[in-house]
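A.B. asks: What follows is a single structure, and I will ask about it in a moment.
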Amino acid sequence: MRLSRRTILLGAGSLPFAVASLRMGAVAQPAATPSEVPPILFVHGNGDYDALWMTTVWRMESNSVARDRMGAINFTDPLARSDDKVEQANRSSTEDQRRELAVAIADLKRRTGAARVALVGSSRGGNAIRNVIRSGGAGDVSHAVLCGTPNHGVFATDDQPNNEFNGRGPFLRGLNEGESEVTPGVAFLTLRSDGMDKYAQPDGRFIGKPGAPTGVTNEGPELKGATNLVLGALDHREVAFHPRAFREIYRFIAGREPDRIAIVPEQSVRLNGLVTGTPGGVPTNRPVAGATVDIFRVDPETGERKGSAVHSAKTGADGRWGPAQVDPAWSLEFVLASPDAPTTHIYRSPFPRSSELVHLRAARPLGPADKEAAAVVIMSRPRGYFGLPRDVVLFDGKEPADVKPGVPTDAAATLRLPAAEVGRNVVAQFGEERIVARAWPASENRIAVAELTY
């Protein structure tokens with residue numbers, strides 16, 4: 001059965017909240033009360049970390065899903081190998097991820113006493129979910145939600161036959177074999193974009209091969225036998241982390257509409273997280289010891305500090321920098337001094353709720369492109385890409401020149417300033433979220449990051 005409704009975008013800043021198409025596979029689940037919603041384990045994607053699920057967890061909590069009935073895995077080495085069968089430093093195989101996810105499922109079941117849990121995965125996280133279910137874990141899983149997962153590959157060609165993301169490779173062929181591509185007994189939902197996912201494109205320009213057919217289409221994330229939803233013009237990450245995606249995730253697992261999409265603030269906020277590293281330039285979730293973290297309250301209009309640090313810490317072997325108590329109305333500056341990395345000034349919007357997922361990674365080292373700059377400021381959007389002209393994206397009052405228009409592919413933009421402008425404020429704006437950062441001197445090996453939350 002196929003139902004269709006088309007989304008019309010009314011402007012560059014509009015958000016596509018309509019479902020473009022719906023293919024029904026799984027039988028609808030009966031509505032559950034919050035106490036009956038199964039425990040939920042969130043699974044991040046390639047090169048990412050569990051912190052990306054923070055806003056989703058907040059929305060779940062705002063709909064009475066208890067904090068202790070949710071978990072989010074942090075894969076040790078989140079980046080995939082280029083060849084799944086060949087060892088690569090600080091990268092993981094499909095088997096590495098399957099093994100870590102199986103342990104996380106068992107831990108969540110033990111903590112909650114539940115017989116089965118729901119799994120929600122972004123991108124590569126869906127590969128791990130399908131692998132653990134297909135490899136004997138179906139009895140532990142009630143629901144599997146796959147968000148932007150390249151279920152039929154980022155490409156399907158004869159190149160790189162052992163790459164995890166090759167639809168013709170042994171890993172994905174093994175998952176997709178049979179008349180149905182889902183495992184019986186588990187309710188499957190896929191969420192995908194209507195043409196704006198850079199990893200579900202027929203042309204290879206987004207994977208460095210312009211003009212070469214990839215062998216996949218926009219429908220690549222769908223699965224035969226699943227409920228397949230199309231979320232309009234959302235990008236590869238937004239199909240997991242956007243409020244529109246939250247609605248579908250909650251509705252599928254709980255069997256009813258959420259009471260609210262907005263995040264309900266708490267009166268007192270407690271923050272904690274990890275400092276993680278990038279050895280050899282490879283992002284990992286391995287904790288960094290000996291890093292210092294200072295947190296300042298800042299003026300949301302100027303980025304200037306309001307008094308001394310509200311929290312200071314040095315990480316031990318576990319990489320933890322908290323906990324810190326803050327007010328839910330405070331804009332914050334996190335100053336991270338991590339070994340062998342630039343001192344990174346991370347500016348964030350107020351945190352409306354508590355979280356253990358406020359992870360910090362130092363900015364990339366200053367490079368040749370920065371040699372003429374007296375200050376470097378980065379605007380970063382971890383839970384989505386910048387889409388032009390789809391979105392309102394302004395960096396220091398202008399659309400950033402290093403964000404390509406069309407299919408959203410860029411999650412960061414860089415501003416390089418001359419000596420006369422060191423110390424001034426820089427405004428980063430995406431949609432309705434606005435962050436003011438300060439330009440710190442590059443001569444002191446410092447970089448500022450305006451990190452968007454929404």
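Please note that chains go A, B, ... in the order of the structure tokens, that every chain numbers its residues from 1, and that ligands are numbered from 1 in the order shown.
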Which residues in region 420-453 of chain A does DSSP call strand (DSSP E or B)? List them as number ranges by chain.

C.D. replies: A: 425-430, 433-438, 441, 446-451

A.B. asks: Hey, what's within 9 Å of Ala309 (chain A) if we count only C-alpha atoms and toss same-chain stuff fewer than 2 positions away? As a list of chain:residue names, please?

C.D. replies: A:Asp294, A:Ile295, A:Phe296, A:Arg297, A:Arg305, A:Lys306, A:Gly307, A:His311, A:Ser312

A.B. asks: Using only C-alpha atoms, tabulate the residues of region 216-266 of chain A lying at most 9 Å from any atom of region 177-194 of chain A, each with its closest atom pair and that distance in Å to one decimal, by chain and increasing residue number, as a tab-separated table.

C.D. replies:
```
residue	atom	partner	partner_atom	distance
A:Asn218	CA	A:Asp194	CA	6.8
A:Glu219	CA	A:Arg192	CA	7.7
A:Gly220	CA	A:Arg192	CA	8.7
A:Pro221	CA	A:Arg192	CA	6.3
A:Glu222	CA	A:Thr190	CA	5.9
A:Leu223	CA	A:Glu181	CA	5.8
A:Lys224	CA	A:Glu181	CA	5.2
A:Gly225	CA	A:Ser180	CA	5.5
A:Ala226	CA	A:Phe188	CA	4.9
A:Thr227	CA	A:Leu189	CA	4.7
A:Asn228	CA	A:Thr190	CA	4.8
A:Leu229	CA	A:Leu191	CA	5.0
A:Val230	CA	A:Arg192	CA	5.0
A:Leu231	CA	A:Ser193	CA	5.4
A:Gly232	CA	A:Asp194	CA	4.9
A:Ala233	CA	A:Asp194	CA	5.3
A:Leu234	CA	A:Ser193	CA	5.4
A:Asp235	CA	A:Ser193	CA	6.2
A:His236	CA	A:Ser193	CA	7.1
A:Glu238	CA	A:Ser193	CA	8.7
A:Val239	CA	A:Arg192	CA	6.0
A:Ala240	CA	A:Leu191	CA	7.7
A:Ala245	CA	A:Leu191	CA	7.5
A:Glu248	CA	A:Leu191	CA	8.3
A:Ile249	CA	A:Leu189	CA	8.3
A:Phe252	CA	A:Leu189	CA	7.5
A:Ile253	CA	A:Ala187	CA	8.9
```

A.B. asks: Which of these, A:Val436, A:Val310, A:Ile207, A:Val57, has the shortest distance to Phe246 (chain A) once you count only C-alpha atoms?

C.D. replies: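 Of A:Val436, A:Val310, A:Ile207, A:Val57, the one nearest Phe246 (chain A), counting only C-alpha atoms, is A:Val57.
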
A.B. asks: So which residues touch Ala337 (chain A) within 6 Å, counting only C-alpha atoms, skipping near sequence neighbours fewer than 2 positions away, as JSON, numbers by chain?

C.D. replies: {"A": [291, 292, 343]}

A.B. asks: I'd like the neighbourhood of Ser380 (chain A) as number ranges by chain, where a residue qualifies if any of its atoms comes within 6 Å (using only C-alpha atoms), though same-chain residues fewer than 3 positions away should be ignored.

C.D. replies: A: 411-412, 451

A.B. asks: Could you save those same residues with N, CA, C and O atoms as a PDB file, in the first residue's frame?

C.D. replies:
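Result saved to part29.pdb:
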```
ATOM      1  N   ALA A 411      28.439  20.445   7.723  1.00  0.00           N
ATOM      2  CA  ALA A 411      27.986  20.621   9.099  1.00  0.00           C
ATOM      3  C   ALA A 411      28.829  21.635   9.850  1.00  0.00           C
ATOM      4  O   ALA A 411      28.632  21.845  11.048  1.00  0.00           O
ATOM      5  N   ALA A 412      29.770  22.277   9.162  1.00  0.00           N
ATOM      6  CA  ALA A 412      30.629  23.277   9.806  1.00  0.00           C
ATOM      7  C   ALA A 412      31.015  24.341   8.785  1.00  0.00           C
ATOM      8  O   ALA A 412      31.101  24.083   7.582  1.00  0.00           O
ATOM      9  N   GLU A 451      28.781  26.025  18.803  1.00  0.00           N
ATOM     10  CA  GLU A 451      28.180  24.709  18.568  1.00  0.00           C
ATOM     11  C   GLU A 451      26.675  24.795  18.727  1.00  0.00           C
ATOM     12  O   GLU A 451      26.158  24.992  19.830  1.00  0.00           O
TER      13      GLU A 451
END
```

A.B. asks: Just asking: which residues within region 245-389 of chain A are alpha helix (DSSP H) according to DSSP, as number ranges by chain?

C.D. replies: A: 245-254

A.B. asks: Next, dump the selected residues to file, keeping only N, CA and C atoms, as a PDB file, in the first residue's frame.

C.D. replies:
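File written: out.pdb
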```
ATOM      1  N   ALA A 245      11.557  13.850  13.182  1.00  0.00           N
ATOM      2  CA  ALA A 245      11.977  12.467  13.368  1.00  0.00           C
ATOM      3  C   ALA A 245      11.579  11.969  14.753  1.00  0.00           C
ATOM      4  N   PHE A 246      11.734  12.827  15.774  1.00  0.00           N
ATOM      5  CA  PHE A 246      11.338  12.412  17.122  1.00  0.00           C
ATOM      6  C   PHE A 246       9.878  11.965  17.155  1.00  0.00           C
ATOM      7  N   ARG A 247       9.027  12.746  16.515  1.00  0.00           N
ATOM      8  CA  ARG A 247       7.602  12.398  16.529  1.00  0.00           C
ATOM      9  C   ARG A 247       7.385  10.977  16.012  1.00  0.00           C
ATOM     10  N   GLU A 248       8.036  10.632  14.892  1.00  0.00           N
ATOM     11  CA  GLU A 248       7.825   9.311  14.308  1.00  0.00           C
ATOM     12  C   GLU A 248       8.463   8.212  15.146  1.00  0.00           C
ATOM     13  N   ILE A 249       9.622   8.479  15.727  1.00  0.00           N
ATOM     14  CA  ILE A 249      10.278   7.503  16.603  1.00  0.00           C
ATOM     15  C   ILE A 249       9.375   7.195  17.803  1.00  0.00           C
ATOM     16  N   TYR A 250       8.902   8.264  18.454  1.00  0.00           N
ATOM     17  CA  TYR A 250       8.059   8.073  19.636  1.00  0.00           C
ATOM     18  C   TYR A 250       6.762   7.362  19.267  1.00  0.00           C
ATOM     19  N   ARG A 251       6.127   7.803  18.197  1.00  0.00           N
ATOM     20  CA  ARG A 251       4.839   7.241  17.809  1.00  0.00           C
ATOM     21  C   ARG A 251       4.952   5.754  17.479  1.00  0.00           C
ATOM     22  N   PHE A 252       6.039   5.371  16.832  1.00  0.00           N
ATOM     23  CA  PHE A 252       6.218   3.970  16.464  1.00  0.00           C
ATOM     24  C   PHE A 252       6.451   3.088  17.686  1.00  0.00           C
ATOM     25  N   ILE A 253       7.266   3.580  18.617  1.00  0.00           N
ATOM     26  CA  ILE A 253       7.595   2.764  19.796  1.00  0.00           C
ATOM     27  C   ILE A 253       6.459   2.771  20.811  1.00  0.00           C
ATOM     28  N   ALA A 254       5.868   3.949  21.058  1.00  0.00           N
ATOM     29  CA  ALA A 254       4.812   4.064  22.079  1.00  0.00           C
ATOM     30  C   ALA A 254       3.429   3.705  21.547  1.00  0.00           C
TER      31      ALA A 254
END
```

A.B. asks: Distance CA of Met70 (chain A)-CA of Tyr49 (chain A), one decimal place?

C.D. replies: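 Computing it gives 15.6 Å between the two atoms.
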
A.B. asks: Got a sec: who's within 12 Å of Val141 (chain A), counting only C-alpha atoms, leaving out chain neighbours fewer than 6 positions off, as a ChimeraX atom specification?

C.D. replies: /A:38-41,101-102,105-106,108-109,114-120,129-130,132-134,183-188,253

A.B. asks: Restricting the output to N, CA, C and O atoms, write the selected residues as a compact mmCIF listing (two decimals), in the first residue's frame.

C.D. replies:
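Everything below was put into part.txt:
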```txt
# COMPACT_ATOMS: atom_id res chain seq x y z
N PRO A 38 8.82 0.32 26.02
CA PRO A 38 10.01 -0.48 26.33
C PRO A 38 11.22 0.42 26.54
O PRO A 38 11.27 1.56 26.05
N PRO A 39 12.21 -0.05 27.26
CA PRO A 39 13.46 0.71 27.36
C PRO A 39 14.01 0.98 25.96
O PRO A 39 13.85 0.16 25.05
N ILE A 40 14.64 2.12 25.79
CA ILE A 40 15.11 2.54 24.47
C ILE A 40 16.62 2.74 24.51
O ILE A 40 17.15 3.44 25.37
N LEU A 41 17.30 2.13 23.54
CA LEU A 41 18.74 2.29 23.40
C LEU A 41 19.02 3.01 22.07
O LEU A 41 18.60 2.55 21.01
N LEU A 101 27.37 -3.46 20.72
CA LEU A 101 25.94 -3.21 20.84
C LEU A 101 25.26 -4.33 21.62
O LEU A 101 24.36 -4.06 22.44
N ALA A 102 25.65 -5.57 21.41
CA ALA A 102 25.05 -6.69 22.15
C ALA A 102 25.28 -6.53 23.65
O ALA A 102 24.38 -6.80 24.47
N ILE A 105 22.90 -3.77 24.92
CA ILE A 105 21.52 -4.27 25.04
C ILE A 105 21.37 -5.09 26.31
O ILE A 105 20.40 -4.91 27.07
N ALA A 106 22.30 -5.98 26.56
CA ALA A 106 22.23 -6.81 27.77
C ALA A 106 22.28 -5.94 29.02
O ALA A 106 21.57 -6.21 30.00
N LEU A 108 21.24 -2.74 29.33
CA LEU A 108 19.97 -2.03 29.50
C LEU A 108 18.87 -2.98 29.98
O LEU A 108 18.06 -2.60 30.83
N LYS A 109 18.85 -4.19 29.48
CA LYS A 109 17.88 -5.18 29.97
C LYS A 109 18.10 -5.47 31.45
O LYS A 109 17.14 -5.55 32.23
N ALA A 114 13.68 -5.46 31.85
CA ALA A 114 12.80 -5.69 30.69
C ALA A 114 13.27 -6.90 29.89
O ALA A 114 14.47 -7.20 29.82
N ALA A 115 12.31 -7.58 29.27
CA ALA A 115 12.64 -8.72 28.43
C ALA A 115 13.17 -8.29 27.07
O ALA A 115 14.01 -8.97 26.47
N ARG A 116 12.67 -7.15 26.56
CA ARG A 116 13.07 -6.67 25.25
C ARG A 116 13.24 -5.16 25.29
O ARG A 116 12.61 -4.48 26.11
N VAL A 117 14.06 -4.64 24.39
CA VAL A 117 14.29 -3.20 24.32
C VAL A 117 14.03 -2.72 22.90
O VAL A 117 14.03 -3.50 21.95
N ALA A 118 13.80 -1.42 22.75
CA ALA A 118 13.70 -0.78 21.43
C ALA A 118 15.05 -0.18 21.07
O ALA A 118 15.72 0.40 21.93
N LEU A 119 15.43 -0.32 19.81
CA LEU A 119 16.69 0.23 19.33
C LEU A 119 16.40 1.32 18.29
O LEU A 119 15.57 1.12 17.40
N VAL A 120 17.10 2.44 18.42
CA VAL A 120 16.94 3.55 17.48
C VAL A 120 18.33 3.92 16.98
O VAL A 120 19.21 4.27 17.78
N ILE A 129 22.48 -2.32 14.37
CA ILE A 129 21.20 -2.83 14.87
C ILE A 129 20.75 -4.03 14.05
O ILE A 129 20.37 -5.08 14.59
N ARG A 130 20.77 -3.91 12.73
CA ARG A 130 20.34 -5.02 11.89
C ARG A 130 21.24 -6.24 12.10
O ARG A 130 20.78 -7.38 12.10
N VAL A 132 23.01 -7.10 14.82
CA VAL A 132 22.80 -7.79 16.10
C VAL A 132 21.48 -8.55 16.10
O VAL A 132 21.38 -9.65 16.67
N ILE A 133 20.45 -8.00 15.44
CA ILE A 133 19.16 -8.71 15.35
C ILE A 133 19.30 -9.95 14.49
O ILE A 133 18.84 -11.04 14.86
N ARG A 134 19.95 -9.81 13.33
CA ARG A 134 20.10 -10.93 12.40
C ARG A 134 20.99 -12.03 12.98
O ARG A 134 20.87 -13.21 12.62
N THR A 183 13.83 -8.91 10.06
CA THR A 183 13.79 -10.15 10.84
C THR A 183 12.42 -10.30 11.49
O THR A 183 11.96 -9.38 12.17
N PRO A 184 11.74 -11.43 11.29
CA PRO A 184 10.42 -11.63 11.91
C PRO A 184 10.47 -11.48 13.43
O PRO A 184 11.46 -11.84 14.07
N GLY A 185 9.38 -10.93 13.98
CA GLY A 185 9.28 -10.77 15.43
C GLY A 185 9.72 -9.43 15.95
O GLY A 185 9.50 -9.11 17.11
N VAL A 186 10.37 -8.64 15.11
CA VAL A 186 10.80 -7.28 15.47
C VAL A 186 10.07 -6.30 14.56
O VAL A 186 10.01 -6.49 13.34
N ALA A 187 9.48 -5.25 15.14
CA ALA A 187 8.82 -4.21 14.35
C ALA A 187 9.87 -3.24 13.82
O ALA A 187 10.59 -2.63 14.61
N PHE A 188 9.94 -3.08 12.51
CA PHE A 188 10.94 -2.23 11.87
C PHE A 188 10.31 -0.97 11.30
O PHE A 188 9.26 -1.02 10.64
N ILE A 253 7.27 3.58 18.62
CA ILE A 253 7.60 2.76 19.80
C ILE A 253 6.46 2.77 20.81
O ILE A 253 6.11 1.73 21.37
```

A.B. asks: Which residues, written as a VMD selection string, have at least one atom at most 12 Å from region 388-399 of chain A, with only C-alpha atoms counted and residues fewer than 4 positions away on the same chain left out?

C.D. replies: chain A and resid 8 to 16 196 232 to 235 377 to 381 384 403 to 417 424 to 439 449 to 450 452

A.B. asks: As a list in words, please: the residues near Ser82 (chain A) (cut-off 8 Å, only C-alpha atoms, same-chain neighbours under 2 positions excluded).

C.D. replies: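 In the requested format, the answer is Ala80, Asp84, Gln160, Asn162, Asn163 and Glu164 of chain A.
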
A.B. asks: Using only C-alpha atoms for the distances, tell me which of A:Pro400, A:Pro265, A:Pro300, A:Pro418 is nearest to Pro328 (chain A).

C.D. replies: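 Smallest separation from Pro328 (chain A) among the options: A:Pro265.
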
A.B. asks: Using only C-alpha atoms, which of the listed residues (A:Ala144, A:Ile346, A:Ala89, A:Leu357) sits closest to Thr56 (chain A)?

C.D. replies: A:Leu357

A.B. asks: Quote the spacing between CA of Ala362 (chain A) and CA of Phe206 (chain A) in Å to one decimal place.

C.D. replies: 26.6 Å
